[in-house]
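Engineer: Supplied in structure tokens, the structure appears directly below.
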Amino acid sequence: MKVSFNELQAVSKKAFMGIGFSEGHAEDAADMVTWMESYDLQGLDALNKGLEHLIRHNPETLPKIVYQDGDVAVVDGQDLSVLRSSNLALELAFAKGRARGLSVIKIQRCRQRQLIMGYLARLAGRGMNVTAFWRNAQQPLTEQVVGFRANSTVPSIRVYSVEEVPEENEPNNGITIIMANHVDLLPTMR
Amino acid sequence: MIDLASQAALVTTVTRPPGLVMDLERLGSFNATRLSFARTLIRVMSRQRWQISCDRFDLNERGHGEVIYRVQTPNGRYHIVIFSQPLDDALRSDRVIADAWDITFGLVEGDVEEALMQSLAENIPLQEAGRQHPRLLVISRANKSMRNFETVVTDLATGVQPSLESFTEGGYLYRTTAVYGNGKFGIADYGRLRNNPDFRHPFSAQMTAVYVLRQFSIDQVEFLARARSPDTAVSLASPLKRYLGIGNSTGLGMAPFLVNHPQLIDQWIHAREQALAIAKSQTPNESARDRLLVLCQRAKQFFLETNVEDADQQGRNQIVVEELTGIIDWLEQIPLDLDLWQQLTDWAEAALSLESQELINGLLIELYPQQVDFLEDMMAVDERMELTPDMPLIQLKQLIETHFDWAVAEDFDTPEASHWFWYRSIEKEEPRLGVRGVDPGAEKELSLAVAPRVKRTYGKICHYLEQNPRSLTVEFLMAEPTFVDIVRRIQTMAGTAFGEIRANLWHRDMRPIHLLRTKLSFLGANRFDPRGERWVRVTFFQGAPLIEELNNEPADLTAFDDWSFPLAPTSLADREACESLL
């Protein structure tokens, strides 16, 4: 069945509200899923993989700032989907990037990290160079780097297979995002 | 050649203040202007020499079957595919919850191959219940105006032209009940139209479909008359054809659009206000005064001829007629001062009804096509509300106090100020109004009332600032994440003048009918006929040039464009035209 992007966005938003998202967060989450689909990045597949967890989670649980200074923030994603935990954390990084030229934010303990790309695209569209890094836990171990040049919503995506698994191999379900107001962070990726 | 941005920059005239313009009752007094989308469409069609022809006309003797019209533009080809089907009188309903109609139709991008036609035939008649094809740009449906349709067919079949009474109340043979675009039910997303040179103006694809439907209504009654009585049947006289429009019945379903698209509304109203400011800044001359007198007289006659069922609206129309009489007398006698237009609008604002004020504003815009028509290209906008997370929270508070003072000033704790709540019905998800504390569903309220949300946000911000006086907006939102959408809206809309309708949509005295008329006026509707507080019937394209006139590639585009406030064809020339066909 063919579904328009408008329908996907509208139905997703209603569904997210149905599982306890506030209206603004439901809209952002729906935009993130729809953005993935618009770039053929299987947003619905990524959503479906973590859907049960997403539905089970207490909607009252919120991401928490663990640490922050002018340039850096660490946010506990509370084992939530990035659909729930990332939009405001990324806005926090955006604010720091604008103030200081460059900011780094680590969102710890988060799920469905592929889906964060839609919101990163949105921030890039607002003039920020954005690079995100995370390590996928499945075997073989892979690391993913996603970059957006400022004012472009087209992503550069690289997935690296990790040949030499490091001895320190604690579960790494976080995501690290670097934002630079003026500097193109990873020009060689393009 | 001056580009659009340069033209816009040249406009240094001062628009009216948002506090005046965005009053809901004033918005609910708007009429169509030359910048309305139906008017713009006809101008574009004539300028670009669009050609519209009938490709297929397969109707049985009862008028049921399939009809296809081809629309050829310099840039592409489209087809309007119409399905006409039997409908039990008892099932004929204007409600969105209806599931059967006299006709259903769609605007297709490109050609209609047999495989596509089959898919359209299976789905368009189902409307919302169908899975529509992505090459469809618009789908819609319409019901016959029973009082007119049968009379017109019978008259034509017996060789006489229908009486004018058949046209002056509604002025149409078919009434649409919803016209869908933008990805609804599987049709093409708006993104596909954004860069389409034929349909880059808002709602131009929808208006095209409705305009062609008008031709179908004429073709169908003439066909039925001939089928019924081939020996005596006559064609509808051209002046009567031109006096036919297409009706539309609109309910509360349109109201959320006005609230959910504030950037687009800002663009539309800003364009209208700019046009008014430009018109008022022109130096009047005798020619312009004469033209305004002609337009006033035509509008007066239009309202004299307009019979609507709603007594309140009929009364408002009567006041317009009386006030136009005074304006005409004044215009005929007043010296031609340099600030004549300003004198006129000052007088109207101080002494005349809102309907007359906004009518005069529309007529002033009509005087200066060369100066204002560039604004037709400034009606579209990429809508995106964005957060400014690094905005100091105290600045956000100040923005609310500056731009949303009207919301902060309201006391939402009184029973009358929180009387209504908006909700969505399960059946077809139609927006509705419930009485708080009486009707069930308040816990599922739609967030359409912006004013109480802004005031609540303001309270939260003030409280947070007491503890965190130097915080940023994003820090407030991390603590109060459910406010993200309204904060985003406040920050975005503070940079605009005309996006927010300054009304408490919870208030007992709020009239949703004004919301509907606001949008309908921009679409180009006239003959507003409210059916209670939540429905309105209007007419589109009444008086507009016919397709045969368009196909003849008119030489005088100014005359072709001059079809506002259409009058009943009672002039000598019109009567002669009618009689020559008898």
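In the structure tokens, chains take letters A, B, ... by order of appearance, with residues numbered from 1 within each chain and ligands from 1 in the order shown.
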What lies within 8 Å of Ala121 (chain A) using only C-alpha atoms, ignoring chain neighbours under 3 positions off, as number ranges by chain?
Structural biologist: A: 117-118, 124-125, 148, 152-155
Engineer: Output C-alpha atoms of each residue in that selection to a file, as a PDB file, in the first residue's frame.
Structural biologist:
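selection03.pdb, written as the output of this step:
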```
ATOM      1  CA  MET A 117      19.093  11.575  12.020  1.00  0.00           C
ATOM      2  CA  GLY A 118      15.831  13.360  11.259  1.00  0.00           C
ATOM      3  CA  ALA A 124      21.665  21.396  10.175  1.00  0.00           C
ATOM      4  CA  GLY A 125      18.899  23.145   8.280  1.00  0.00           C
ATOM      5  CA  PHE A 148      25.394  17.143   7.996  1.00  0.00           C
ATOM      6  CA  SER A 152      21.975  21.105   4.142  1.00  0.00           C
ATOM      7  CA  THR A 153      19.594  18.388   5.206  1.00  0.00           C
ATOM      8  CA  VAL A 154      21.296  15.729   3.108  1.00  0.00           C
ATOM      9  CA  PRO A 155      23.217  13.325   5.329  1.00  0.00           C
TER      10      PRO A 155
END
```
Engineer: Residues of chain A near chain B: apply a cut-off of 12 Å, count only C-alpha atoms, and supply the list as an mmCIF file with C-alpha atoms, in the first residue's frame.
Structural biologist:
```cif
data_model
loop_
_atom_site.group_PDB
_atom_site.id
_atom_site.type_symbol
_atom_site.label_atom_id
_atom_site.label_comp_id
_atom_site.auth_asym_id
_atom_site.auth_seq_id
_atom_site.Cartn_x
_atom_site.Cartn_y
_atom_site.Cartn_z
ATOM 1 C CA MET A 1 0.000 0.000 0.000
ATOM 2 C CA LYS A 2 1.281 3.430 -0.902
ATOM 3 C CA VAL A 3 1.169 6.013 1.834
ATOM 4 C CA SER A 4 1.948 9.687 1.378
ATOM 5 C CA PHE A 5 4.467 11.392 3.627
ATOM 6 C CA ASN A 6 1.711 13.628 4.905
ATOM 7 C CA GLU A 7 -0.301 10.570 5.962
ATOM 8 C CA LEU A 8 2.733 8.934 7.543
ATOM 9 C CA GLN A 9 3.488 12.073 9.526
ATOM 10 C CA ALA A 10 -0.121 12.542 10.642
ATOM 11 C CA VAL A 11 -0.704 8.909 11.592
ATOM 12 C CA LYS A 14 -1.427 10.426 16.499
ATOM 13 C CA MET A 17 0.306 10.837 21.272
ATOM 14 C CA GLY A 18 -1.592 7.644 21.868
ATOM 15 C CA GLY A 20 1.780 9.214 25.937
ATOM 16 C CA PHE A 21 3.949 11.652 24.004
ATOM 17 C CA SER A 22 2.984 15.283 24.470
ATOM 18 C CA GLU A 23 1.851 16.953 21.252
ATOM 19 C CA GLY A 24 5.127 18.736 20.526
ATOM 20 C CA HIS A 25 7.225 15.635 21.126
ATOM 21 C CA ALA A 26 4.831 13.502 19.097
ATOM 22 C CA GLU A 27 5.203 15.910 16.204
ATOM 23 C CA ASP A 28 8.986 15.842 16.425
ATOM 24 C CA ASP A 31 8.917 14.154 11.696
ATOM 25 C CA SER A 38 11.848 10.379 2.712
ATOM 26 C CA PRO A 59 5.755 8.421 29.529
ATOM 27 C CA GLU A 60 6.544 10.363 32.676
ATOM 28 C CA THR A 61 10.207 9.327 32.514
ATOM 29 C CA LEU A 62 12.304 12.172 31.166
ATOM 30 C CA PRO A 63 15.919 12.448 30.064
ATOM 31 C CA LYS A 64 18.107 14.055 32.733
ATOM 32 C CA ILE A 65 21.110 16.319 32.489
ATOM 33 C CA GLN A 68 26.937 20.363 31.692
ATOM 34 C CA GLY A 70 29.505 25.901 28.571
ATOM 35 C CA VAL A 75 22.385 13.587 29.270
ATOM 36 C CA ARG A 84 11.544 10.478 23.358
ATOM 37 C CA SER A 85 14.881 11.625 24.645
ATOM 38 C CA SER A 86 16.812 13.452 21.982
ATOM 39 C CA ASN A 87 15.012 16.542 20.698
ATOM 40 C CA LEU A 88 15.600 18.802 23.668
ATOM 41 C CA ALA A 89 19.038 17.341 24.391
ATOM 42 C CA LEU A 90 20.006 18.230 20.834
ATOM 43 C CA GLU A 91 18.529 21.692 21.239
ATOM 44 C CA LEU A 92 20.709 22.073 24.317
ATOM 45 C CA ALA A 93 23.772 21.184 22.243
ATOM 46 C CA PHE A 94 22.604 23.568 19.540
ATOM 47 C CA ALA A 95 22.372 26.405 22.060
ATOM 48 C CA LYS A 96 25.884 25.658 23.327
ATOM 49 C CA GLY A 97 27.246 25.398 19.802
ATOM 50 C CA ARG A 98 25.815 28.771 18.930
ATOM 51 C CA ALA A 99 27.245 30.342 22.058
ATOM 52 C CA ARG A 100 30.708 28.752 22.001
ATOM 53 C CA TYR A 119 16.335 15.810 14.094
ATOM 54 C CA ARG A 122 16.571 19.798 11.182
ATOM 55 C CA LEU A 123 19.385 21.398 13.210
ATOM 56 C CA GLY A 125 18.899 23.145 8.280
ATOM 57 C CA ARG A 126 19.137 25.878 10.883
#
```
Engineer: Give me, please, the distance in Å between CA of Met385 (chain B) and CA of Ile265 (chain B), quoted to one decimal.
Structural biologist: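 Between these atoms lies a distance of 13.5 Å.
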Engineer: Got a sec: who's within 12 Å of His463 (chain B), counting only C-alpha atoms, leaving out chain neighbours fewer than 3 positions off, as a PyMOL selection string?
Structural biologist: chain B and resi 393-394+397+456-460+466-469+476+480
Engineer: For the structure I just gave you, how does DSSP split region 20-122 of chain A - specifically, which residues are strand (DSSP E or B)? Reply as a list in words.
Structural biologist: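 Checking each residue of region 20-122 of chain A, the strand (DSSP E or B) ones are Lys64, Ile65, Val66, Tyr67, Gln68, Val72, Ala73, Val74, Val75, Asp76, Gly77, Gln78, Asp79, Leu80, Ser81, Leu102, Ser103, Val104, Ile105, Lys106, Ile107, Gln108, Arg109, Cys110 and Arg111 of chain A.
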Engineer: Using N, CA and C atoms, can you write the selected residues to a file as an mmCIF file, in the first residue's frame?
Structural biologist:
```cif
data_model
loop_
_atom_site.group_PDB
_atom_site.id
_atom_site.type_symbol
_atom_site.label_atom_id
_atom_site.label_comp_id
_atom_site.auth_asym_id
_atom_site.auth_seq_id
_atom_site.Cartn_x
_atom_site.Cartn_y
_atom_site.Cartn_z
ATOM 1 N N LYS A 64 17.582 13.177 31.675
ATOM 2 C CA LYS A 64 18.107 14.055 32.733
ATOM 3 C C LYS A 64 19.498 14.556 32.374
ATOM 4 N N ILE A 65 19.764 15.804 32.688
ATOM 5 C CA ILE A 65 21.110 16.319 32.489
ATOM 6 C C ILE A 65 21.985 15.807 33.635
ATOM 7 N N VAL A 66 23.047 15.062 33.266
ATOM 8 C CA VAL A 66 23.976 14.519 34.265
ATOM 9 C C VAL A 66 25.077 15.534 34.539
ATOM 10 N N TYR A 67 25.515 16.168 33.488
ATOM 11 C CA TYR A 67 26.596 17.151 33.630
ATOM 12 C C TYR A 67 26.465 18.163 32.504
ATOM 13 N N GLN A 68 26.797 19.405 32.790
ATOM 14 C CA GLN A 68 26.937 20.363 31.692
ATOM 15 C C GLN A 68 27.833 21.509 32.114
ATOM 16 N N VAL A 72 30.000 21.461 26.922
ATOM 17 C CA VAL A 72 29.752 20.013 26.944
ATOM 18 C C VAL A 72 28.513 19.721 27.791
ATOM 19 N N ALA A 73 27.759 18.722 27.371
ATOM 20 C CA ALA A 73 26.665 18.240 28.220
ATOM 21 C C ALA A 73 26.608 16.718 28.134
ATOM 22 N N VAL A 74 26.258 16.104 29.226
ATOM 23 C CA VAL A 74 26.006 14.670 29.258
ATOM 24 C C VAL A 74 24.570 14.491 29.741
ATOM 25 N N VAL A 75 23.806 13.776 28.954
ATOM 26 C CA VAL A 75 22.385 13.587 29.270
ATOM 27 C C VAL A 75 22.117 12.100 29.409
ATOM 28 N N ASP A 76 21.439 11.732 30.487
ATOM 29 C CA ASP A 76 21.025 10.339 30.668
ATOM 30 C C ASP A 76 19.718 10.133 29.903
ATOM 31 N N GLY A 77 19.803 9.329 28.863
ATOM 32 C CA GLY A 77 18.620 9.070 28.034
ATOM 33 C C GLY A 77 17.628 8.117 28.669
ATOM 34 N N GLN A 78 17.921 7.614 29.866
ATOM 35 C CA GLN A 78 16.980 6.813 30.662
ATOM 36 C C GLN A 78 16.489 5.562 29.935
ATOM 37 N N ASP A 79 17.342 5.057 29.028
ATOM 38 C CA ASP A 79 16.997 3.855 28.270
ATOM 39 C C ASP A 79 15.768 4.077 27.375
ATOM 40 N N LEU A 80 15.539 5.337 27.032
ATOM 41 C CA LEU A 80 14.400 5.683 26.182
ATOM 42 C C LEU A 80 14.831 5.666 24.709
ATOM 43 N N SER A 81 13.842 5.576 23.844
ATOM 44 C CA SER A 81 14.096 5.769 22.413
ATOM 45 C C SER A 81 14.559 7.215 22.200
ATOM 46 N N LEU A 102 31.532 25.584 19.231
ATOM 47 C CA LEU A 102 31.531 24.118 19.129
ATOM 48 C C LEU A 102 31.007 23.532 20.435
ATOM 49 N N SER A 103 30.218 22.504 20.307
ATOM 50 C CA SER A 103 29.717 21.842 21.522
ATOM 51 C C SER A 103 29.723 20.337 21.311
ATOM 52 N N VAL A 104 29.784 19.648 22.448
ATOM 53 C CA VAL A 104 29.740 18.181 22.410
ATOM 54 C C VAL A 104 28.662 17.735 23.387
ATOM 55 N N ILE A 105 27.815 16.829 22.923
ATOM 56 C CA ILE A 105 26.816 16.279 23.846
ATOM 57 C C ILE A 105 26.845 14.760 23.735
ATOM 58 N N LYS A 106 26.804 14.150 24.879
ATOM 59 C CA LYS A 106 26.715 12.687 24.940
ATOM 60 C C LYS A 106 25.339 12.352 25.506
ATOM 61 N N ILE A 107 24.569 11.604 24.746
ATOM 62 C CA ILE A 107 23.306 11.099 25.290
ATOM 63 C C ILE A 107 23.560 9.641 25.647
ATOM 64 N N GLN A 108 23.570 9.361 26.936
ATOM 65 C CA GLN A 108 23.826 7.998 27.384
ATOM 66 C C GLN A 108 22.528 7.205 27.360
ATOM 67 N N ARG A 109 22.666 5.929 27.302
ATOM 68 C CA ARG A 109 21.549 4.997 27.445
ATOM 69 C C ARG A 109 20.337 5.430 26.608
ATOM 70 N N CYS A 110 20.475 5.272 25.309
ATOM 71 C CA CYS A 110 19.328 5.585 24.452
ATOM 72 C C CYS A 110 19.165 4.498 23.395
ATOM 73 N N ARG A 111 18.007 4.441 22.813
ATOM 74 C CA ARG A 111 17.668 3.379 21.858
ATOM 75 C C ARG A 111 17.226 3.963 20.513
#
```
Engineer: Can you tell me, as a ChimeraX atom specification, what residues are no more than 9 Å from Asn136 (chain A) when counting only C-alpha atoms, ignoring any on the same chain fewer than 5 positions away?
Structural biologist: /A:141-144,172-173
Engineer: List as a PDB file with N, CA and C atoms, in the first residue's frame the protein and nucleic acid residues near Leu448 (chain B), meaning an atom at most 9 Å away when only C-alpha atoms are counted, but skip any in the same chain fewer than 6 places from it.
Structural biologist:
```
ATOM      1  N   ALA B 255     -11.743  24.800  10.353  1.00  0.00           N
ATOM      2  CA  ALA B 255     -11.231  25.691  11.409  1.00  0.00           C
ATOM      3  C   ALA B 255      -9.787  25.377  11.830  1.00  0.00           C
ATOM      4  N   PRO B 256      -9.408  24.111  12.024  1.00  0.00           N
ATOM      5  CA  PRO B 256      -8.034  23.853  12.470  1.00  0.00           C
ATOM      6  C   PRO B 256      -6.975  24.376  11.506  1.00  0.00           C
ATOM      7  N   VAL B 259      -5.633  27.699  12.439  1.00  0.00           N
ATOM      8  CA  VAL B 259      -4.802  27.712  13.647  1.00  0.00           C
ATOM      9  C   VAL B 259      -3.482  26.975  13.403  1.00  0.00           C
ATOM     10  N   ASN B 260      -3.538  25.919  12.615  1.00  0.00           N
ATOM     11  CA  ASN B 260      -2.354  25.071  12.444  1.00  0.00           C
ATOM     12  C   ASN B 260      -1.387  25.543  11.361  1.00  0.00           C
ATOM     13  N   PHE B 421     -14.816  23.590  24.280  1.00  0.00           N
ATOM     14  CA  PHE B 421     -13.570  22.867  24.020  1.00  0.00           C
ATOM     15  C   PHE B 421     -13.702  22.208  22.647  1.00  0.00           C
ATOM     16  N   TRP B 422     -12.551  22.068  21.989  1.00  0.00           N
ATOM     17  CA  TRP B 422     -12.514  21.482  20.640  1.00  0.00           C
ATOM     18  C   TRP B 422     -12.092  20.021  20.758  1.00  0.00           C
ATOM     19  N   LEU B 505     -10.529  31.031  21.493  1.00  0.00           N
ATOM     20  CA  LEU B 505     -11.391  30.053  20.820  1.00  0.00           C
ATOM     21  C   LEU B 505     -12.160  29.178  21.807  1.00  0.00           C
TER      22      LEU B 505
END
```
